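**Q** Quick one, start.cif (mmCIF, C-alpha atoms):
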data_protein
#
loop_
_atom_site.label_atom_id
_atom_site.label_comp_id
_atom_site.auth_asym_id
_atom_site.auth_seq_id
_atom_site.Cartn_x
_atom_site.Cartn_y
_atom_site.Cartn_z
CA MET Y 1497 62.73 -32.99 -43.81
CA GLU Y 1498 63.33 -31.38 -47.17
CA GLN Y 1499 65.47 -28.69 -45.51
CA ALA Y 1500 67.55 -31.34 -43.72
CA LYS Y 1501 68.12 -33.27 -46.95
CA THR Y 1502 69.17 -30.26 -49.02
CA ALA Y 1503 70.99 -28.02 -46.54
CA GLY Y 1504 71.81 -30.31 -43.66
CA GLN Y 1505 69.99 -27.96 -41.21
CA VAL Y 1506 67.63 -29.59 -38.76
CA GLU Y 1507 66.77 -26.53 -36.61
CA ALA Y 1508 63.45 -24.80 -37.26
CA PRO Y 1509 63.96 -21.61 -39.25
CA VAL Y 1510 63.54 -18.37 -37.32
CA ARG Y 1511 60.28 -16.74 -38.31
CA GLN Y 1512 60.64 -13.11 -39.21
CA GLY Y 1513 57.47 -11.34 -38.16
CA TYR Y 1514 55.93 -8.47 -40.06
CA ALA Y 1515 57.39 -5.07 -39.19
CA VAL Y 1516 55.88 -1.66 -39.88
CA SER Y 1517 58.34 0.57 -41.69
CA GLY Y 1518 58.62 4.32 -41.32
CA GLU Y 1519 56.92 4.80 -44.68
CA VAL Y 1520 53.95 2.72 -43.54
CA TRP Y 1521 53.72 4.72 -40.29
CA ALA Y 1522 53.69 7.93 -42.34
CA LEU Y 1523 50.93 6.51 -44.53
CA LEU Y 1524 48.98 5.52 -41.41
CA GLY Y 1525 49.21 9.12 -40.27
CA GLU Y 1526 47.89 10.32 -43.63
CA VAL Y 1527 44.78 8.15 -43.32
CA GLY Y 1528 44.11 9.31 -39.75
CA GLY Y 1529 45.02 6.01 -38.06
CA ASN Y 1530 42.49 3.98 -40.09
CA VAL Y 1531 44.14 0.56 -40.41
CA ALA Y 1532 41.58 -0.71 -42.91
CA GLU Y 1533 42.27 2.23 -45.22
CA LEU Y 1534 46.00 1.73 -44.69
CA ARG Y 1535 45.74 -1.90 -45.81
CA ARG Y 1536 43.70 -0.88 -48.86
CA ARG Y 1537 46.37 1.59 -49.92
CA LEU Y 1538 49.13 -0.95 -49.31
CA ALA Y 1539 47.24 -3.45 -51.46
CA VAL Y 1540 47.03 -0.93 -54.29
CA ALA Y 1541 50.75 -0.20 -54.03
CA GLY Y 1542 52.20 -3.57 -53.02
CA GLY Y 1543 49.87 -6.30 -54.24
CA ALA Y 1544 50.44 -9.74 -52.74
CA SER Y 1545 52.94 -8.60 -50.06
CA VAL Y 1546 50.25 -6.93 -47.96
CA PRO Y 1547 49.69 -8.62 -44.55
CA SER Y 1548 46.27 -9.59 -43.25
CA ALA Y 1549 44.12 -7.05 -41.43
CA SER Y 1550 44.55 -8.88 -38.11
CA THR Y 1551 48.34 -8.86 -38.50
CA LEU Y 1552 48.37 -5.13 -39.24
CA HIS Y 1553 46.17 -4.40 -36.21
CA ARG Y 1554 48.32 -6.57 -33.96
CA VAL Y 1555 51.70 -5.18 -35.05
CA ILE Y 1556 50.60 -1.54 -35.02
CA ARG Y 1557 49.08 -1.93 -31.58
CA ARG Y 1558 52.26 -3.65 -30.33
CA ASP Y 1559 54.49 -0.87 -31.67
CA ARG Y 1560 52.28 1.88 -30.26
CA ARG Y 1561 52.46 0.34 -26.81
CA ALA Y 1562 56.21 0.09 -27.20
CA GLY Y 1563 56.34 3.88 -27.60
CA GLN Y 1564 55.69 4.52 -31.30
CA ALA Y 1565 53.41 7.56 -31.23
CA LEU Y 1566 51.20 8.47 -34.15
CA LEU Y 1567 52.02 12.18 -33.75
CA ALA Y 1568 51.72 12.84 -37.46
CA GLU Y 1569 48.10 11.73 -37.31
CA ARG Y 1570 45.67 14.10 -38.98
CA GLU Y 1571 42.17 14.19 -40.31
CA PRO Y 1572 41.44 13.45 -43.97
CA VAL Y 1573 41.98 16.42 -46.26
CA VAL Y 1574 38.84 18.48 -46.64
CA ALA Y 1575 38.02 21.77 -48.27
CA GLY Y 1576 38.72 24.85 -46.19
CA PRO Y 1577 41.22 25.58 -43.40
CA ARG Y 1578 42.15 22.89 -40.88
CA ARG Y 1579 42.98 23.63 -37.27
CA PRO Y 1580 46.50 22.76 -36.04
CA ASP Y 1581 47.13 19.32 -34.55
CA PRO Y 1582 47.18 19.84 -30.76
CA LEU Y 1583 49.16 16.64 -30.23
CA SER Y 1584 52.10 18.16 -32.05
CA GLU Y 1585 51.95 21.37 -30.02
CA LEU Y 1586 50.71 20.04 -26.66
CA GLY Y 1587 48.99 23.14 -25.40
CA LEU Y 1588 50.91 25.79 -27.31
CA ASN Y 1589 48.07 26.47 -29.75
CA VAL Y 1590 45.84 28.68 -27.62
CA VAL Y 1591 43.66 30.45 -30.16
CA ALA Y 1592 43.13 33.62 -28.20
CA GLY Y 1593 44.69 34.38 -24.86
CA GLN Y 1594 47.01 36.51 -22.83
CA SER Y 1595 50.15 35.63 -20.95
CA THR Y 1596 50.50 36.72 -17.36
CA GLY Y 1597 53.30 35.59 -15.08
CA GLY Y 1598 54.16 32.61 -17.24
CA GLN Y 1599 50.57 31.34 -17.38
CA VAL Y 1600 48.19 31.43 -20.33
CA PHE Y 1601 44.56 32.21 -19.61
CA LEU Y 1602 42.04 30.90 -22.09
CA ARG Y 1603 39.62 33.26 -23.76
CA GLU Y 1604 38.25 30.68 -26.22
CA GLN Y 1605 35.48 28.33 -25.08
CA LYS Y 1606 33.91 26.93 -28.25
CA HIS Y 1607 34.58 23.36 -27.09
CA LEU Y 1608 33.89 23.92 -23.39
CA ALA Y 1609 30.14 24.48 -23.26
CA GLN Y 1610 29.65 21.48 -20.97
CA VAL Y 1611 32.22 22.50 -18.36
CA PRO Y 1612 30.29 23.16 -15.12
CA VAL Y 1613 31.81 26.50 -14.06
CA LEU Y 1614 28.44 27.68 -12.58
CA VAL Y 1615 29.04 31.30 -13.57
CA PRO Y 1616 28.03 33.07 -16.79
CA GLY Y 1617 31.02 34.83 -18.32
CA ALA Y 1618 33.63 32.73 -16.50
CA GLN Y 1619 36.72 31.57 -18.34
CA VAL Y 1620 38.64 28.31 -18.12
CA VAL Y 1621 42.07 29.21 -16.78
CA HIS Y 1622 45.05 27.58 -18.43
CA THR Y 1623 46.97 26.98 -15.20
CA PRO Y 1624 50.07 24.77 -14.93
CA ALA Y 1625 47.79 21.97 -13.70
CA VAL Y 1626 45.60 22.26 -16.81
CA GLN Y 1627 48.70 22.28 -19.01
CA SER Y 1628 49.96 19.13 -17.30
CA VAL Y 1629 46.64 17.33 -17.78
CA LEU Y 1630 46.65 18.37 -21.44
CA ARG Y 1631 50.07 16.84 -21.96
CA THR Y 1632 49.14 13.65 -20.13
CA VAL Y 1633 45.93 13.12 -22.12
CA ALA Y 1634 47.69 13.96 -25.40
CA HIS Y 1635 50.45 11.48 -24.61
CA ALA Y 1636 47.93 8.77 -23.69
CA ALA Y 1637 45.94 9.36 -26.88
CA GLY Y 1638 49.11 9.28 -28.97
CA VAL Y 1639 50.44 5.94 -27.69
CA GLY Y 1640 47.24 4.24 -26.52
CA ALA Y 1641 48.08 4.25 -22.81
CA VAL Y 1642 46.29 3.98 -19.48
CA VAL Y 1643 46.38 7.10 -17.26
CA CYS Y 1644 44.88 7.95 -13.88
CA LEU Y 1645 43.76 11.51 -13.12
CA TYR Y 1646 43.19 12.05 -9.41
CA GLY Y 1647 43.00 14.68 -6.68
CA ASP Y 1648 40.63 15.88 -3.98
CA ALA Y 1649 37.04 16.72 -4.92
CA GLY Y 1650 36.61 20.17 -6.43
CA GLN Y 1651 40.21 20.69 -7.51
CA GLY Y 1652 39.31 21.16 -11.19
CA LYS Y 1653 39.89 17.66 -12.60
CA THR Y 1654 36.74 17.66 -14.72
CA VAL Y 1655 37.43 21.11 -16.16
CA ALA Y 1656 41.04 20.23 -16.99
CA LEU Y 1657 39.99 16.91 -18.50
CA GLN Y 1658 37.22 18.49 -20.56
CA TYR Y 1659 39.65 21.01 -22.00
CA ALA Y 1660 42.29 18.36 -22.73
CA LEU Y 1661 39.76 16.16 -24.52
CA SER Y 1662 38.60 19.10 -26.61
CA GLN Y 1663 42.15 19.42 -27.92
CA VAL Y 1664 42.60 15.76 -28.92
CA PRO Y 1665 42.61 15.31 -32.73
CA HIS Y 1666 39.55 13.56 -34.10
CA PRO Y 1667 37.20 14.30 -31.17
CA ALA Y 1668 34.74 11.75 -32.56
CA ARG Y 1669 37.12 9.06 -31.32
CA VAL Y 1670 36.76 10.21 -27.71
CA ARG Y 1671 34.11 8.23 -25.86
CA ARG Y 1672 32.84 9.33 -22.45
CA VAL Y 1673 31.66 6.27 -20.54
CA HIS Y 1674 29.09 7.12 -17.85
CA VAL Y 1675 28.83 4.42 -15.22
CA GLY Y 1676 26.81 4.20 -12.02
CA VAL Y 1677 28.02 3.29 -8.56
CA HIS Y 1678 29.60 -0.20 -8.42
CA PRO Y 1679 28.36 -1.42 -11.80
CA THR Y 1680 28.42 -5.11 -12.63
CA VAL Y 1681 30.45 -6.38 -15.57
CA PRO Y 1682 27.26 -6.90 -17.68
CA GLY Y 1683 26.22 -3.36 -16.79
CA LEU Y 1684 29.63 -2.04 -17.83
CA ARG Y 1685 29.33 -3.91 -21.13
CA ARG Y 1686 26.02 -2.15 -21.80
CA VAL Y 1687 27.33 1.36 -21.09
CA LEU Y 1688 30.41 0.68 -23.21
CA ALA Y 1689 28.14 -0.41 -26.06
CA ASP Y 1690 26.16 2.81 -25.67
CA ALA Y 1691 29.32 4.92 -25.60
CA LEU Y 1692 30.64 3.20 -28.73
CA GLU Y 1693 27.26 3.69 -30.45
CA LEU Y 1694 26.98 0.08 -31.51
CA GLY Y 1695 23.34 0.70 -32.33
CA ARG Y 1696 21.91 -2.63 -31.33
CA ARG Y 1697 21.46 -4.84 -28.30
CA LEU Y 1698 24.43 -6.83 -27.10
CA PRO Y 1699 24.23 -10.60 -27.55
CA ARG Y 1700 23.23 -12.52 -24.45
CA GLY Y 1701 26.43 -14.55 -24.40
CA ALA Y 1702 29.34 -12.83 -22.67
CA GLY Y 1703 31.81 -14.07 -25.28
CA GLU Y 1704 29.81 -12.72 -28.21
CA ALA Y 1705 29.23 -9.41 -26.43
CA ASP Y 1706 32.93 -9.04 -25.68
CA LEU Y 1707 33.78 -9.80 -29.32
CA MET Y 1708 31.44 -7.03 -30.44
CA LEU Y 1709 33.20 -4.57 -28.12
CA VAL Y 1710 36.63 -5.71 -29.34
CA ASN Y 1711 35.60 -5.20 -32.96
CA ALA Y 1712 34.39 -1.68 -32.13
CA LEU Y 1713 37.74 -0.91 -30.48
CA ARG Y 1714 39.94 -2.00 -33.39
CA GLN Y 1715 40.20 1.62 -34.51
CA PRO Y 1716 42.04 4.05 -32.17
CA ARG Y 1717 39.75 5.24 -29.38
CA VAL Y 1718 40.08 7.23 -26.17
CA LEU Y 1719 37.77 5.84 -23.47
CA VAL Y 1720 37.19 8.26 -20.60
CA LEU Y 1721 35.63 7.13 -17.32
CA ASP Y 1722 35.05 9.91 -14.81
CA GLU Y 1723 34.25 8.99 -11.19
CA ALA Y 1724 36.40 5.90 -11.67
CA GLN Y 1725 36.55 5.46 -7.89
CA CYS Y 1726 33.02 4.00 -8.15
CA LEU Y 1727 34.22 1.05 -10.25
CA PRO Y 1728 34.57 -2.28 -8.42
CA GLY Y 1729 37.47 -4.67 -8.96
CA PRO Y 1730 35.72 -6.94 -11.52
CA ALA Y 1731 34.78 -3.94 -13.69
CA LEU Y 1732 38.36 -2.65 -13.61
CA GLU Y 1733 39.64 -6.11 -14.50
CA PHE Y 1734 37.23 -6.17 -17.44
CA LEU Y 1735 38.59 -2.83 -18.69
CA ARG Y 1736 42.13 -4.14 -18.34
CA GLY Y 1737 41.18 -7.18 -20.42
CA LEU Y 1738 39.77 -4.96 -23.17
CA TRP Y 1739 42.87 -2.77 -23.16
CA ASP Y 1740 45.16 -5.82 -23.21
CA HIS Y 1741 43.34 -7.56 -26.04
CA PRO Y 1742 45.66 -7.88 -29.07
CA ASP Y 1743 43.01 -6.55 -31.46
CA THR Y 1744 42.02 -3.38 -29.58
CA ASP Y 1745 43.69 0.02 -29.94
CA MET Y 1746 42.53 2.27 -27.13
CA ALA Y 1747 43.72 4.79 -24.59
CA LEU Y 1748 42.05 4.57 -21.18
CA VAL Y 1749 41.61 7.69 -19.00
CA LEU Y 1750 40.39 6.94 -15.47
CA ALA Y 1751 39.58 10.04 -13.43
CA GLY Y 1752 38.05 10.83 -10.07
CA ALA Y 1753 38.73 11.72 -6.45
CA GLY Y 1754 40.15 8.58 -4.90
CA SER Y 1755 40.52 6.77 -8.22
CA GLU Y 1756 44.20 6.16 -7.51
CA ARG Y 1757 43.35 4.19 -4.36
CA VAL Y 1758 40.80 2.03 -6.20
CA LEU Y 1759 43.23 1.28 -9.03
CA ARG Y 1760 45.95 0.30 -6.57
CA ARG Y 1761 43.66 -2.50 -5.39
CA VAL Y 1762 43.82 -4.03 -8.88
CA PRO Y 1763 47.57 -4.58 -9.34
CA ALA Y 1764 47.22 -5.96 -12.87
CA LEU Y 1765 45.67 -2.67 -14.02
CA ALA Y 1766 47.73 -0.38 -11.77
CA SER Y 1767 50.95 -1.82 -13.22
CA ARG Y 1768 49.78 -0.76 -16.68
CA VAL Y 1769 49.11 2.90 -15.75
CA LEU Y 1770 51.54 5.05 -17.71
CA THR Y 1771 50.95 8.29 -15.77
CA TRP Y 1772 49.49 9.05 -12.35
CA GLU Y 1773 48.40 12.68 -12.77
CA LEU Y 1774 47.63 14.62 -9.58
CA VAL Y 1775 45.53 17.79 -9.90
CA PRO Y 1776 46.52 19.84 -6.83
CA ARG Y 1777 44.70 22.62 -5.04
CA LEU Y 1778 45.51 26.22 -5.90
CA GLY Y 1779 48.44 27.61 -3.97
CA PRO Y 1780 47.94 30.76 -1.82
CA ARG Y 1781 50.23 32.78 -4.09
CA GLU Y 1782 48.37 31.92 -7.31
CA VAL Y 1783 44.74 32.24 -6.14
CA ALA Y 1784 44.44 36.00 -6.81
CA THR Y 1785 45.94 35.76 -10.32
CA VAL Y 1786 43.92 32.69 -11.29
CA MET Y 1787 40.61 34.07 -10.02
CA ALA Y 1788 41.15 37.40 -11.79
CA ALA Y 1789 41.50 35.40 -15.02
CA PHE Y 1790 38.55 33.17 -14.11
CA HIS Y 1791 36.01 36.01 -13.85
CA PRO Y 1792 36.17 39.83 -14.21
CA LEU Y 1793 34.59 40.31 -10.76
CA TRP Y 1794 37.84 39.32 -9.09
CA GLU Y 1795 39.94 41.82 -11.04
CA GLY Y 1796 38.92 44.59 -8.64
CA ALA Y 1797 39.28 42.61 -5.43
CA THR Y 1798 42.27 43.37 -3.23
CA GLU Y 1799 44.90 40.71 -2.58
CA ALA Y 1800 44.15 40.98 1.14
CA ASP Y 1801 40.45 40.19 0.57
CA VAL Y 1802 41.28 37.25 -1.71
CA ALA Y 1803 43.74 35.91 0.85
CA TRP Y 1804 41.11 36.26 3.59
CA VAL Y 1805 38.54 34.29 1.56
CA ASP Y 1806 41.03 31.57 0.72
CA GLU Y 1807 42.11 31.21 4.34
CA HIS Y 1808 38.58 31.01 5.75
CA VAL Y 1809 36.56 29.32 2.99
CA GLY Y 1810 38.32 28.76 -0.35
CA HIS Y 1811 41.34 26.68 0.75
CA GLY Y 1812 42.55 26.53 -2.86
CA ASN Y 1813 39.50 24.50 -3.93
CA PHE Y 1814 38.41 25.64 -7.39
CA ARG Y 1815 34.84 24.43 -7.01
CA THR Y 1816 34.40 26.46 -3.83
CA TRP Y 1817 35.76 29.54 -5.56
CA ALA Y 1818 33.37 28.97 -8.48
CA LYS Y 1819 30.41 28.82 -6.09
CA LEU Y 1820 31.57 32.02 -4.38
CA THR Y 1821 31.81 33.69 -7.78
CA SER Y 1822 28.28 32.55 -8.59
CA HIS Y 1823 26.95 34.18 -5.41
CA LEU Y 1824 28.85 37.39 -6.16
CA THR Y 1825 27.50 37.62 -9.72
CA ALA Y 1826 23.98 37.29 -8.33
CA GLU Y 1827 24.76 39.97 -5.75
CA THR Y 1828 26.05 42.42 -8.38
CA TYR Y 1829 23.52 41.64 -11.11
CA GLY Y 1830 22.17 44.81 -12.71
CA LYS Y 1831 24.79 47.12 -11.20
CA SER Y 1832 26.62 49.32 -13.68
CA ARG Y 1833 29.95 48.93 -11.90
CA ALA Y 1834 30.37 45.85 -9.76
CA VAL Y 1835 33.00 46.21 -7.02
CA VAL Y 1836 33.66 43.30 -4.69
CA ASP Y 1837 34.29 44.47 -1.13
CA ARG Y 1838 34.76 42.70 2.21
CA TRP Y 1839 31.07 43.01 3.15
CA MET Y 1840 29.99 41.24 -0.05
CA LEU Y 1841 32.61 38.57 0.44
CA GLU Y 1842 31.43 37.90 3.98
CA ARG Y 1843 27.85 37.51 2.77
CA ALA Y 1844 28.86 35.12 0.00
CA CYS Y 1845 31.00 33.07 2.36
CA ALA Y 1846 28.17 32.92 4.90
CA ARG Y 1847 25.86 31.41 2.28
CA LEU Y 1848 28.35 28.62 1.72
CA MET Y 1849 29.66 27.96 5.19
CA GLY Y 1850 27.29 29.68 7.60
CA PRO Y 1851 28.20 32.73 9.75
CA LEU Y 1852 31.94 33.11 10.34
#
Represent the structure from my file as C-alpha cells, please.
**A**
Amino acid sequence: MEQAKTAGQVEAPVRQGYAVSGEVWALLGEVGGNVAELRRRLAVAGGASVPSASTLHRVIRRDRRAGQALLAEREPVVAGPRRPDPLSELGLNVVAGQSTGGQVFLREQKHLAQVPVLVPGAQVVHTPAVQSVLRTVAHAAGVGAVVCLYGDAGQGKTVALQYALSQVPHPARVRRVHVGVHPTVPGLRRVLADALELGRRLPRGAGEADLMLVNALRQPRVLVLDEAQCLPGPALEFLRGLWDHPDTDMALVLAGAGSERVLRRVPALASRVLTWELVPRLGPREVATVMAAFHPLWEGATEADVAWVDEHVGHGNFRTWAKLTSHLTAETYGKSRAVVDRWMLERACARLMGPL
C-alpha cells in the first residue's frame, strides 16, 4: 500500500535472489568446498550482507547442478608438498608409468590395495576404458551429478572405479555404501548412516532419520553404490529423493552389471543420470598389450598363444584373464625364469573351463 501511494506502482516487486559471484566461488575453492567456513569468511569480510547458511547451501547446490564445477577445489594448506589436483588434470597425472601405443600403464598402486586383481605383482592397467571412467567420476564429483557405470560381469568396472575414486580430491568425502540384495528403505537408511559415520543410532521416525541424513550430506560428498542392480525401486527412489533435496550436495555413482536396466525402471532417477558409462570387454587387438602390462608373465607369451587363450577362454573378460594369471603364477612359482608356453596355458585354461 505504501508503494502504491508513493510511486503509483501496484505490482509486487521482483525479488532478486542471492547470486554467488566469481569471487565467492574462488573463496569456496580455497576452503575446500566447506560452505560453513565460506560463510564465516564472508561474515568477517562483509558483515551484515552475508546470506543465511541455508541460502548459501541452496544457491551453491543449484549452481553446481546447473554446470558450475568447483574445479579449483583444493585441500586446506598444510605443511609439506601437496599432490596435484586430479580433477584439473583428469588422468594426466600418472605418478610413474610408461606410454605404449597411446596407452599409459600404471606402475603406482599406493591407493589400490583393495583392488581384487588376485595376483601378486599385478598392475592396474590404465586402458582407455579406465581413463573414461576416471573422467566420468571426476566430472560427477565436480558438479554433484548422478552417473551409472555398467557392463558385463568381469569387465573391470570395480578396478576402474577404485582407481578413479583414489584420484578424487579429498578422498575422505568418498563414501562406499555396501548394501545387500533388495534392501528395504529402512535398511538403506541404516547403511547410509554407517557409511556417513553418523556415530549413533538413527531415530525411529522416518522423518527424523531422513533429516539426519540430509544434514550429513550438506557438505559435498560422493556416494558410491556398487552392485546397484540389487537395489529395488523404492530404494532407488529414496536415493533420488536424497539427491534432489535442496539442502544436500552429493554426487551419486551407481555401478554394477545390469545396473542400467534397473535404473531404467525408475524413470525419475534415470532422467537425472548425467552419464551412462559402459565398460566394454577387451578387444582382440589390445589383449596382448594390456596383459603384458598387467603382469610380467605375459611379456614372454607369443601373440598367437594369447590370441588362442582369448578365443577359447578369455573372450576379453578381464576377470577371466586375472584368474588365468593367478594359475600361471602358481605354476611358475620358484622358477628362476618363468616362460609361459602353450602347455602351461592349456593346463591353466583346463582348471577354469575343464578339458578343451
**Q** Near segment 1792-1808 of chain Y, within 9 Å and counting all atoms listed in the file, which residues show up once chain neighbours fewer than 4 positions away are dropped, as a tab-separated table (two decimals) with C-alpha atoms, keeping the file's coordinate frame?
**A**
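Listed below is the output, selection-v9.tsv:
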chain	number	residue	atom	x	y	z
Y	1617	GLY	CA	31.02	34.83	-18.32
Y	1618	ALA	CA	33.63	32.73	-16.50
Y	1780	PRO	CA	47.94	30.76	-1.82
Y	1781	ARG	CA	50.23	32.78	-4.09
Y	1783	VAL	CA	44.74	32.24	-6.14
Y	1784	ALA	CA	44.44	36.00	-6.81
Y	1785	THR	CA	45.94	35.76	-10.32
Y	1787	MET	CA	40.61	34.07	-10.02
Y	1788	ALA	CA	41.15	37.40	-11.79
Y	1812	GLY	CA	42.55	26.53	-2.86
Y	1813	ASN	CA	39.50	24.50	-3.93
Y	1817	TRP	CA	35.76	29.54	-5.56
Y	1821	THR	CA	31.81	33.69	-7.78
Y	1824	LEU	CA	28.85	37.39	-6.16
Y	1825	THR	CA	27.50	37.62	-9.72
Y	1834	ALA	CA	30.37	45.85	-9.76
Y	1835	VAL	CA	33.00	46.21	-7.02
Y	1836	VAL	CA	33.66	43.30	-4.69
Y	1837	ASP	CA	34.29	44.47	-1.13
Y	1838	ARG	CA	34.76	42.70	2.21
Y	1841	LEU	CA	32.61	38.57	0.44
Y	1842	GLU	CA	31.43	37.90	3.98
Y	1845	CYS	CA	31.00	33.07	2.36
Y	1852	LEU	CA	31.94	33.11	10.34
**Q** Could you pull the residues within 8 Å of segment 1690-1706 of chain Y, counting only C-alpha atoms, minus those fewer than 4 positions along the same chain, as a PyMOL selection string?
**A** chain Y and resi 1671-1673+1685-1686+1710+1712
**Q** Measuring between all atoms listed in the file, which one of Y:Met1746, Y:Leu1630, Y:Leu1657, Y:Val1546 shows the shortest distance to Leu1713 of chain Y?
**A** Y:Met1746
**Q** Translate the PyMOL selection byres ((chain Y and resi 1815) around 8) into a concrete residue list for this structure, as a VMD selection string.
**A** chain Y and resid 1613 1650 to 1652 1813 to 1814 1816 to 1819
**Q** State, in Å with one decimal place, the distance from atom CA of Ala1522 of chain Y to atom CA of Ser1550 of chain Y.
**A** 19.6 Å
**Q** Any idea what the distance is between atom CA of Leu1765 of chain Y and atom CA of Leu1727 of chain Y?
**A**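 Result for atom CA of Leu1765 of chain Y versus atom CA of Leu1727 of chain Y: 12.6 Å, one decimal.
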**Q** Using all atoms listed in the file, which of Y:Met1840, Y:Ala1637, Y:Val1621, Y:Ala1532 sits nearest Gln1715 of chain Y?
**A**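 Under the stated criterion, the closest residue is Y:Ala1532.
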**Q** To one decimal in Å, tell me the separation between atom CA of Trp1839 of chain Y and atom CA of Leu1778 of chain Y.
**A**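 Going from atom CA of Trp1839 of chain Y over to atom CA of Leu1778 of chain Y covers 23.9 Å.
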**Q** Given only C-alpha atoms as the basis, pick out the residue of Y:Gly1729, Y:Leu1719, Y:Pro1624, Y:His1635 nearest to Pro1667 of chain Y.
**A**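 Looking at the shortest contact to Pro1667 of chain Y, the residue is Y:Leu1719.
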**Q** Within 12 Å of Asp1740 of chain Y, counting only C-alpha atoms, which residues qualify if same-chain residues fewer than 3 places away don't, as an MDAnalysis selection string?
**A** chainID Y and resid 1554 1557:1558 1561 1640:1642 1710 1713 1733:1737 1743:1748 1764:1765 1768
**Q** Name the closest residue to Ala1668 of chain Y among the candidates Y:Pro1716, Y:Pro1742, Y:Gly1647, Y:Gly1638; distances are taken between atoms, counting only C-alpha atoms.
**A**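 The answer is Y:Pro1716, which sits nearest to Ala1668 of chain Y.
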**Q** Between Y:Leu1738, Y:Leu1732, Y:Val1758, Y:Val1620, which residue has the minimum interatomic distance to Leu1707 of chain Y, considering all atoms listed in the file?
**A** Y:Leu1738
**Q** Ranking Y:Leu1848, Y:Ala1636, Y:Val1664, Y:Val1675 by minimum distance to Cys1726 of chain Y and counting only C-alpha atoms, which one comes first?
**A**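 Among the listed residues, Y:Val1675 lies closest to Cys1726 of chain Y.
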**Q** Do you know which residues are at most 12 Å from Val1633 of chain Y counting all atoms listed in the file, after dropping those on the same chain fewer than 3 positions away, and could you put them as a PDB file with C-alpha atoms, keeping the file's coordinate frame?
**A**
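Full text of selection_31.pdb as output:
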ATOM      1  CA  PRO Y1582      47.180  19.840 -30.760  1.00  0.00           C
ATOM      2  CA  LEU Y1583      49.160  16.640 -30.230  1.00  0.00           C
ATOM      3  CA  LEU Y1586      50.710  20.040 -26.660  1.00  0.00           C
ATOM      4  CA  GLY Y1587      48.990  23.140 -25.400  1.00  0.00           C
ATOM      5  CA  VAL Y1626      45.600  22.260 -16.810  1.00  0.00           C
ATOM      6  CA  GLN Y1627      48.700  22.280 -19.010  1.00  0.00           C
ATOM      7  CA  SER Y1628      49.960  19.130 -17.300  1.00  0.00           C
ATOM      8  CA  VAL Y1629      46.640  17.330 -17.780  1.00  0.00           C
ATOM      9  CA  LEU Y1630      46.650  18.370 -21.440  1.00  0.00           C
ATOM     10  CA  ALA Y1636      47.930   8.770 -23.690  1.00  0.00           C
ATOM     11  CA  ALA Y1637      45.940   9.360 -26.880  1.00  0.00           C
ATOM     12  CA  GLY Y1638      49.110   9.280 -28.970  1.00  0.00           C
ATOM     13  CA  VAL Y1639      50.440   5.940 -27.690  1.00  0.00           C
ATOM     14  CA  GLY Y1640      47.240   4.240 -26.520  1.00  0.00           C
ATOM     15  CA  ALA Y1641      48.080   4.250 -22.810  1.00  0.00           C
ATOM     16  CA  VAL Y1642      46.290   3.980 -19.480  1.00  0.00           C
ATOM     17  CA  VAL Y1643      46.380   7.100 -17.260  1.00  0.00           C
ATOM     18  CA  CYS Y1644      44.880   7.950 -13.880  1.00  0.00           C
ATOM     19  CA  LEU Y1645      43.760  11.510 -13.120  1.00  0.00           C
ATOM     20  CA  ALA Y1656      41.040  20.230 -16.990  1.00  0.00           C
ATOM     21  CA  LEU Y1657      39.990  16.910 -18.500  1.00  0.00           C
ATOM     22  CA  GLN Y1658      37.220  18.490 -20.560  1.00  0.00           C
ATOM     23  CA  TYR Y1659      39.650  21.010 -22.000  1.00  0.00           C
ATOM     24  CA  ALA Y1660      42.290  18.360 -22.730  1.00  0.00           C
ATOM     25  CA  LEU Y1661      39.760  16.160 -24.520  1.00  0.00           C
ATOM     26  CA  SER Y1662      38.600  19.100 -26.610  1.00  0.00           C
ATOM     27  CA  GLN Y1663      42.150  19.420 -27.920  1.00  0.00           C
ATOM     28  CA  VAL Y1664      42.600  15.760 -28.920  1.00  0.00           C
ATOM     29  CA  PRO Y1665      42.610  15.310 -32.730  1.00  0.00           C
ATOM     30  CA  VAL Y1670      36.760  10.210 -27.710  1.00  0.00           C
ATOM     31  CA  VAL Y1718      40.080   7.230 -26.170  1.00  0.00           C
ATOM     32  CA  LEU Y1719      37.770   5.840 -23.470  1.00  0.00           C
ATOM     33  CA  VAL Y1720      37.190   8.260 -20.600  1.00  0.00           C
ATOM     34  CA  ALA Y1747      43.720   4.790 -24.590  1.00  0.00           C
ATOM     35  CA  LEU Y1748      42.050   4.570 -21.180  1.00  0.00           C
ATOM     36  CA  VAL Y1749      41.610   7.690 -19.000  1.00  0.00           C
ATOM     37  CA  LEU Y1750      40.390   6.940 -15.470  1.00  0.00           C
ATOM     38  CA  ALA Y1751      39.580  10.040 -13.430  1.00  0.00           C
ATOM     39  CA  LEU Y1770      51.540   5.050 -17.710  1.00  0.00           C
ATOM     40  CA  THR Y1771      50.950   8.290 -15.770  1.00  0.00           C
ATOM     41  CA  TRP Y1772      49.490   9.050 -12.350  1.00  0.00           C
ATOM     42  CA  GLU Y1773      48.400  12.680 -12.770  1.00  0.00           C
TER      43      GLU Y1773
END
